[in-house]
Amino acid sequence: MRTFLSALLLALFVGVSAQRTIQWKFVQNGTSGVIPVELITISPTLMLMYDRADGNPLRLPDGERAWAALWDLETNTPTPLSSVTDTFCAGGAFISNGTLVSVAGQPQETPGQPPADGRMGIRLFGPCASPTGTNCTVFEDPANIHLAVTRWYPTGLRIPDGSLMVLGGSNTPTFYNTGPSAENSFEFFPSKPGELGAVRPSQFLLDATPVNMFPRSVVLPSGRVFMIANNLSMIYDIETETEHRLPDLPNGVRISNPFDGTMQLLPLSPPLYEPTVLVCGGSSADDRRPATNLTILDPATDQCSRLTLTTAGVAKGWQIERMPEPRIMVESVILPSGDVLLLNGAKTGYAAYPSVAGSNETQSNADNPGFRGMLYKTSSPAGRRISQDGLPTSNIARLYHSVASLTAKGNIMVAGSNPHPAVVPPPTKFPTEFRVEYLNPDFITNNLPRPVIHSAPTQILFNQKATLEVTIPSNLRNGDIKVSLIDMGYVTHGQHANSRLVFLEHTLVGNTLTITAPPNNNIYPPGPAWIFVVADGVHSEGAMVMVGDGGDPPRPDQGVKISLTSL
């Protein structure tokens, strides 16, 4: 018996120890031409980058310096895009018909010269069929299509009717968002009936001043919206226009701009689709301290906080975990496996242009870059979820105005960093950064066998079945197989607005994979998505799909209602 038990324990130990840690590798390839302050995956081959009109090397055909561009994942080169208004520090999202909507931006810096004031800007980028971006354009009509009020640093969130909710922001350049500079309100694009040219005041955003720009927000399976601004949290009911406060982030940690941390909605899984949010990084500095009393060496926080947004979960409260190192301006990228990569940012200081003590010397509000990422293993036990195992160290500081996003190839594009109010080349300590890196898992770096999607539907309707033709390598077939439906988000300033992963019910027979779309438009707000197949932790490239009927917003409810525990 003892021999049998020993053999069994040895087999279990070998089985556990044989679970492979994915080895990641940074590859630097190409220069972006503009600083991708905002980065959005728009097709299998293209990323959209928005910046400001500055000293960028990339130029439009008329010789004007570009402040928007398409990045080609095949050639690692940028193509300039023409824009009318200033896109700097805008928010945005895809809407239900597949159009990418960018909202707000920077005030006009030089009267009479381009770009025009971006603070009421609405920019429409339609679905781009060309793999190289040929004839793909940004449409603007500032005189007729614009926001109700001026905003800068707002969040754009696609809601269950497929339209865009615009949250908060500022209307003037500021470090702390207080007094008349703060736009503590919500509005919608298209406007709600009877609300054209109007906004909805928010007591929550007012209470969250002065650290409330780019409020972190996510749509819950109930259709309500969960938000964090400063260290406050709440649920907003769009239909009743009511705010319901939830517990504050523990230990005074603040995560909205300029104390940027990051928030992710962890994967939604059938049948209950219980929502859990993960909040990492930011600062526990006292927001009553004047900016000049803050310093570039103030420590960021190493805190991650996790809250399940059910009655029982909220009663249990925020669950605290610790990263291996503190981080401000950290990015969170949800992977097809459901795990979350945490990368970029710094160990000390703050976001924003030089304004705190010590920034005159470094020309940066932050110091001590975080050169190595961290992996949050969503389904691991508490206390064993966060590590740096398998993750490499970059030699490029990614500070203010840096980004990271999952691509359709299945790797991570990492770019940007410009803590200066202008383009500043080396030998400055933290120069303006145009170099693009990819963070590749080893199965991409070494061209190892991975799942392949040979054919997939271009549209799936809620609660309906669809089929894909796939190949699962024989060495991965005995592992856990998942099908992930992902919105990669609108990435800017440490937030991945609209980032979302829904695990789909599925069956695999031979090479035919039958999936069931999310039950309704609350589980996945209607709009574009990416399908990834994951086998034994190794994921395919993504297949782009429209979720829902593809009509213009606002859309009626689609699919079927289900029983939920979500608030």
# chains A, B, ... in the order shown; residues from 1 in each chain; ligands from 1

call {"tool": "select_by_dssp", "arguments": {"residues": "stretch 401-564 of chain A", "states": "strand (DSSP E or B)", "output": "ChimeraX atom specification"}}
result
/A:402-406,412-416,435-441,452-455,459-460,465-471,481-487,490-492,495-497,500-503,505-509,512-516,520,527-535,538-539,543-547,559

call {"tool": "residues_around", "arguments": {"residues": "A:Asp442", "least_positions_apart": "5", "cutoff": "7 Å", "atoms": "only C-alpha atoms", "output": "VMD selection string"}}
result
chain A and resid 22 to 24

call {"tool": "residues_around", "arguments": {"residues": "A:Pro215", "least_positions_apart": "3", "cutoff": "8 Å", "atoms": "only C-alpha atoms", "output": "ChimeraX atom specification"}}
result
/A:154-155,167-168,212,227-230,256-257

call {"tool": "closest_atom_pairs", "arguments": {"of": "stretch 407-448 of chain A", "to": "stretch 477-489 of chain A", "cutoff": "12 Å", "atoms": "only C-alpha atoms", "output": "CSV"}}
result
residue,atom,partner,partner_atom,distance
A:Thr407,CA,A:Met488,CA,7.9
A:Ala408,CA,A:Met488,CA,9.2
A:Gly410,CA,A:Met488,CA,10.9
A:Asn411,CA,A:Met488,CA,11.9
A:Ile412,CA,A:Met488,CA,10.8
A:Met413,CA,A:Met488,CA,11.8

call {"tool": "residues_around", "arguments": {"residues": "stretch 396-405 of chain A", "least_positions_apart": "4", "cutoff": "9 Å", "atoms": "only C-alpha atoms", "output": "JSON, numbers by chain"}}
result
{"A": [35, 36, 37, 38, 39, 40, 41, 89, 328, 329, 330, 331, 332, 333, 334, 343, 344, 345, 346, 350, 351, 352, 353, 364, 365, 366, 367, 368, 369, 370, 371, 411, 412, 413, 414, 415, 416, 417, 418, 419, 420, 430, 431, 433, 435, 488, 489, 490, 491, 492, 493, 494, 496]}

call {"tool": "write_last_selection", "arguments": {"atoms": "N, CA and C atoms", "output": "compact mmCIF listing (two decimals), in the first residue's frame"}}
result
# COMPACT_ATOMS: atom_id res chain seq x y z
N ILE A 35 3.34 58.66 -31.60
CA ILE A 35 3.31 58.02 -30.28
C ILE A 35 1.91 57.44 -30.09
N PRO A 36 1.79 56.12 -29.99
CA PRO A 36 0.45 55.55 -29.84
C PRO A 36 -0.09 55.73 -28.43
N VAL A 37 -0.56 56.96 -28.17
CA VAL A 37 -1.19 57.25 -26.88
C VAL A 37 -2.46 56.41 -26.73
N GLU A 38 -3.11 56.12 -27.86
CA GLU A 38 -4.27 55.22 -27.91
C GLU A 38 -3.98 54.15 -28.94
N LEU A 39 -4.29 52.90 -28.62
CA LEU A 39 -3.99 51.76 -29.49
C LEU A 39 -5.20 50.84 -29.53
N ILE A 40 -5.66 50.51 -30.75
CA ILE A 40 -6.86 49.70 -30.91
C ILE A 40 -6.63 48.69 -32.02
N THR A 41 -6.93 47.42 -31.74
CA THR A 41 -6.88 46.37 -32.76
C THR A 41 -8.12 46.50 -33.64
N CYS A 89 -5.27 62.02 -26.00
CA CYS A 89 -5.91 61.64 -24.74
C CYS A 89 -7.42 61.55 -24.87
N ILE A 328 2.87 52.04 -11.15
CA ILE A 328 1.95 53.11 -11.58
C ILE A 328 1.93 53.07 -13.10
N MET A 329 0.80 53.43 -13.71
CA MET A 329 0.64 53.43 -15.17
C MET A 329 0.81 52.03 -15.76
N VAL A 330 0.38 51.02 -15.01
CA VAL A 330 0.50 49.65 -15.47
C VAL A 330 -0.61 49.33 -16.45
N GLU A 331 -0.29 48.54 -17.48
CA GLU A 331 -1.27 48.06 -18.45
C GLU A 331 -1.71 46.65 -18.07
N SER A 332 -2.96 46.31 -18.32
CA SER A 332 -3.44 44.94 -18.12
C SER A 332 -4.02 44.43 -19.43
N VAL A 333 -3.51 43.30 -19.89
CA VAL A 333 -3.94 42.72 -21.16
C VAL A 333 -4.52 41.34 -20.87
N ILE A 334 -5.80 41.16 -21.16
CA ILE A 334 -6.41 39.86 -20.93
C ILE A 334 -6.05 38.95 -22.10
N LEU A 343 1.98 44.89 -17.41
CA LEU A 343 3.27 45.36 -17.89
C LEU A 343 3.26 46.86 -18.11
N ASN A 344 4.47 47.39 -18.39
CA ASN A 344 4.72 48.83 -18.56
C ASN A 344 4.63 49.56 -17.22
N GLY A 345 4.85 50.87 -17.26
CA GLY A 345 4.72 51.70 -16.08
C GLY A 345 6.00 51.83 -15.28
N ALA A 346 5.86 52.35 -14.06
CA ALA A 346 6.99 52.67 -13.21
C ALA A 346 6.69 52.26 -11.77
N TYR A 350 4.10 59.39 -10.71
CA TYR A 350 2.72 59.61 -11.14
C TYR A 350 2.65 59.73 -12.66
N ALA A 351 1.44 59.76 -13.18
CA ALA A 351 1.21 60.06 -14.59
C ALA A 351 1.25 61.57 -14.79
N ALA A 352 0.99 62.00 -16.00
CA ALA A 352 0.92 63.42 -16.40
C ALA A 352 2.30 63.97 -16.74
N TYR A 353 2.26 65.13 -17.39
CA TYR A 353 3.50 65.80 -17.76
C TYR A 353 4.21 66.35 -16.51
N SER A 364 10.10 63.89 -16.26
CA SER A 364 9.09 62.85 -16.15
C SER A 364 8.49 62.90 -14.75
N ASN A 365 7.19 62.67 -14.64
CA ASN A 365 6.56 62.61 -13.33
C ASN A 365 6.78 61.27 -12.63
N ALA A 366 7.39 60.32 -13.34
CA ALA A 366 7.63 58.99 -12.77
C ALA A 366 9.10 58.62 -12.98
N ASP A 367 9.57 57.70 -12.15
CA ASP A 367 10.94 57.22 -12.26
C ASP A 367 10.93 55.72 -11.94
N ASN A 368 12.09 55.10 -12.10
CA ASN A 368 12.25 53.67 -11.81
C ASN A 368 11.28 52.81 -12.65
N PRO A 369 11.51 52.75 -13.96
CA PRO A 369 10.61 52.01 -14.84
C PRO A 369 10.48 50.54 -14.44
N GLY A 370 9.32 49.99 -14.72
CA GLY A 370 9.10 48.56 -14.54
C GLY A 370 9.41 47.85 -15.85
N PHE A 371 10.57 47.26 -15.95
CA PHE A 371 11.01 46.67 -17.22
C PHE A 371 10.52 45.24 -17.44
N ASN A 411 -0.14 37.82 -30.17
CA ASN A 411 0.94 38.33 -29.34
C ASN A 411 0.57 39.71 -28.81
N ILE A 412 1.47 40.34 -28.08
CA ILE A 412 1.19 41.62 -27.44
C ILE A 412 2.04 42.69 -28.10
N MET A 413 1.39 43.73 -28.63
CA MET A 413 2.10 44.88 -29.17
C MET A 413 2.33 45.87 -28.03
N VAL A 414 3.58 46.27 -27.84
CA VAL A 414 3.97 47.20 -26.78
C VAL A 414 4.64 48.39 -27.44
N ALA A 415 4.17 49.60 -27.13
CA ALA A 415 4.68 50.77 -27.86
C ALA A 415 4.51 52.03 -27.03
N GLY A 416 5.10 53.11 -27.54
CA GLY A 416 4.91 54.42 -26.95
C GLY A 416 5.75 54.67 -25.72
N SER A 417 5.54 55.82 -25.15
CA SER A 417 6.14 56.40 -23.95
C SER A 417 6.66 57.78 -24.32
N ASN A 418 6.02 58.78 -23.74
CA ASN A 418 6.47 60.16 -23.92
C ASN A 418 6.00 60.98 -22.74
N PRO A 419 6.85 61.07 -21.70
CA PRO A 419 6.45 61.85 -20.52
C PRO A 419 6.64 63.35 -20.70
N HIS A 420 6.99 63.79 -21.91
CA HIS A 420 7.29 65.19 -22.18
C HIS A 420 6.15 65.84 -22.96
N PHE A 430 14.49 59.74 -20.24
CA PHE A 430 13.33 59.00 -20.75
C PHE A 430 12.88 59.66 -22.05
N PRO A 431 13.55 59.38 -23.16
CA PRO A 431 13.22 60.06 -24.42
C PRO A 431 11.87 59.62 -24.96
N GLU A 433 9.54 57.75 -27.24
CA GLU A 433 9.83 56.39 -27.69
C GLU A 433 8.95 55.98 -28.86
N ARG A 435 10.02 53.19 -30.81
CA ARG A 435 10.27 51.78 -31.07
C ARG A 435 9.08 50.91 -30.66
N MET A 488 -10.77 43.41 -27.41
CA MET A 488 -9.42 43.74 -26.97
C MET A 488 -9.32 45.12 -26.35
N GLY A 489 -10.37 45.91 -26.47
CA GLY A 489 -10.41 47.17 -25.75
C GLY A 489 -9.82 48.34 -26.50
N TYR A 490 -10.13 49.52 -25.98
CA TYR A 490 -9.59 50.80 -26.44
C TYR A 490 -8.56 51.20 -25.41
N VAL A 491 -7.29 51.09 -25.78
CA VAL A 491 -6.20 51.15 -24.80
C VAL A 491 -5.63 52.56 -24.73
N THR A 492 -5.62 53.13 -23.53
CA THR A 492 -4.98 54.42 -23.31
C THR A 492 -4.86 54.66 -21.81
N HIS A 493 -3.72 55.21 -21.38
CA HIS A 493 -3.52 55.65 -20.00
C HIS A 493 -3.82 54.55 -18.97
N GLY A 494 -3.31 53.36 -19.23
CA GLY A 494 -3.46 52.27 -18.27
C GLY A 494 -4.82 51.64 -18.23
N HIS A 496 -8.04 49.73 -20.34
CA HIS A 496 -8.39 48.98 -21.54
C HIS A 496 -9.92 48.97 -21.61

call {"tool": "residues_around", "arguments": {"residues": "stretch 131-136 of chain A", "least_positions_apart": "4", "cutoff": "9 Å", "atoms": "only C-alpha atoms", "output": "list of chain:residue names"}}
result
A:Ser43, A:Pro44, A:Thr45, A:Leu46, A:Leu70, A:Trp71, A:Asp72, A:Glu74, A:Thr79, A:Leu81, A:Phe125, A:Gly126, A:Pro127

call {"tool": "write_last_selection", "arguments": {"atoms": "N, CA and C atoms", "output": "tab-separated table (two decimals), in the first residue's frame"}}
result
chain	number	residue	atom	x	y	z
A	43	SER	N	-8.27	45.02	-37.14
A	43	SER	CA	-8.41	43.98	-38.16
A	43	SER	C	-7.33	42.93	-37.92
A	44	PRO	N	-7.34	41.85	-38.70
A	44	PRO	CA	-6.28	40.83	-38.50
A	44	PRO	C	-4.88	41.36	-38.73
A	45	THR	N	-4.75	42.46	-39.47
A	45	THR	CA	-3.42	42.95	-39.83
A	45	THR	C	-3.13	44.37	-39.36
A	46	LEU	N	-4.11	45.06	-38.78
A	46	LEU	CA	-3.94	46.49	-38.52
A	46	LEU	C	-4.26	46.88	-37.08
A	70	LEU	N	-2.16	54.05	-39.05
A	70	LEU	CA	-2.43	52.62	-39.01
A	70	LEU	C	-1.10	51.88	-38.95
A	71	TRP	N	-1.02	50.91	-38.06
A	71	TRP	CA	0.18	50.09	-37.94
A	71	TRP	C	-0.07	48.73	-38.58
A	72	ASP	N	0.78	48.37	-39.54
A	72	ASP	CA	0.65	47.12	-40.29
A	72	ASP	C	1.44	46.04	-39.56
A	74	GLU	N	1.96	43.08	-40.53
A	74	GLU	CA	2.72	42.24	-41.47
A	74	GLU	C	4.05	42.89	-41.84
A	79	THR	N	1.19	53.84	-41.55
A	79	THR	CA	0.63	54.64	-42.63
A	79	THR	C	-0.15	55.79	-42.00
A	81	LEU	N	-2.78	58.68	-41.10
A	81	LEU	CA	-4.21	58.92	-41.29
A	81	LEU	C	-4.48	60.40	-41.07
A	125	PHE	N	-14.40	55.76	-37.49
A	125	PHE	CA	-13.55	54.93	-38.34
A	125	PHE	C	-14.33	53.68	-38.66
A	126	GLY	N	-14.80	53.58	-39.91
A	126	GLY	CA	-15.66	52.47	-40.30
A	126	GLY	C	-14.88	51.18	-40.41
A	127	PRO	N	-15.58	50.05	-40.47
A	127	PRO	CA	-14.89	48.78	-40.67
A	127	PRO	C	-13.95	48.86	-41.87

call {"tool": "select_by_dssp", "arguments": {"residues": "stretch 267-491 of chain A", "states": "helix (DSSP H, G or I)", "output": "ChimeraX atom specification"}}
result
/A:291-293,311-316,359-362,442-445

call {"tool": "residues_around", "arguments": {"residues": "stretch 183-194 of chain A", "least_positions_apart": "6", "cutoff": "6 Å", "atoms": "only C-alpha atoms", "output": "list of chain:residue names"}}
result
A:Ser163, A:Leu164, A:Met165, A:Val166, A:Leu167, A:Gly168, A:Gly169, A:Ser170, A:Arg200, A:Pro201, A:Ser202, A:Leu205, A:Leu206

call {"tool": "residues_around", "arguments": {"residues": "A:Leu508", "least_positions_apart": "4", "cutoff": "10 Å", "atoms": "only C-alpha atoms", "output": "ChimeraX atom specification"}}
result
/A:467-470,472,481,512-515

call {"tool": "atom_distance", "arguments": {"atom1": "atom CA of A:Thr276", "atom2": "atom CA of A:Val199"}}
result
29.3 Å

call {"tool": "atom_distance", "arguments": {"atom1": "atom CA of A:Gly33", "atom2": "atom CA of A:Ala53"}}
result
11.8 Å

call {"tool": "atom_distance", "arguments": {"atom1": "atom CA of A:Thr209", "atom2": "atom CA of A:Ala357"}}
result
21.4 Å

call {"tool": "closest_residue", "arguments": {"among": "A:Leu567, A:Val533, A:Met49, A:Met544", "to": "A:Tyr273", "atoms": "only C-alpha atoms"}}
result
A:Leu567

call {"tool": "closest_residue", "arguments": {"among": "A:Thr292, A:Ser394, A:Asn521, A:Thr310", "to": "A:Leu272", "atoms": "only C-alpha atoms"}}
result
A:Thr310
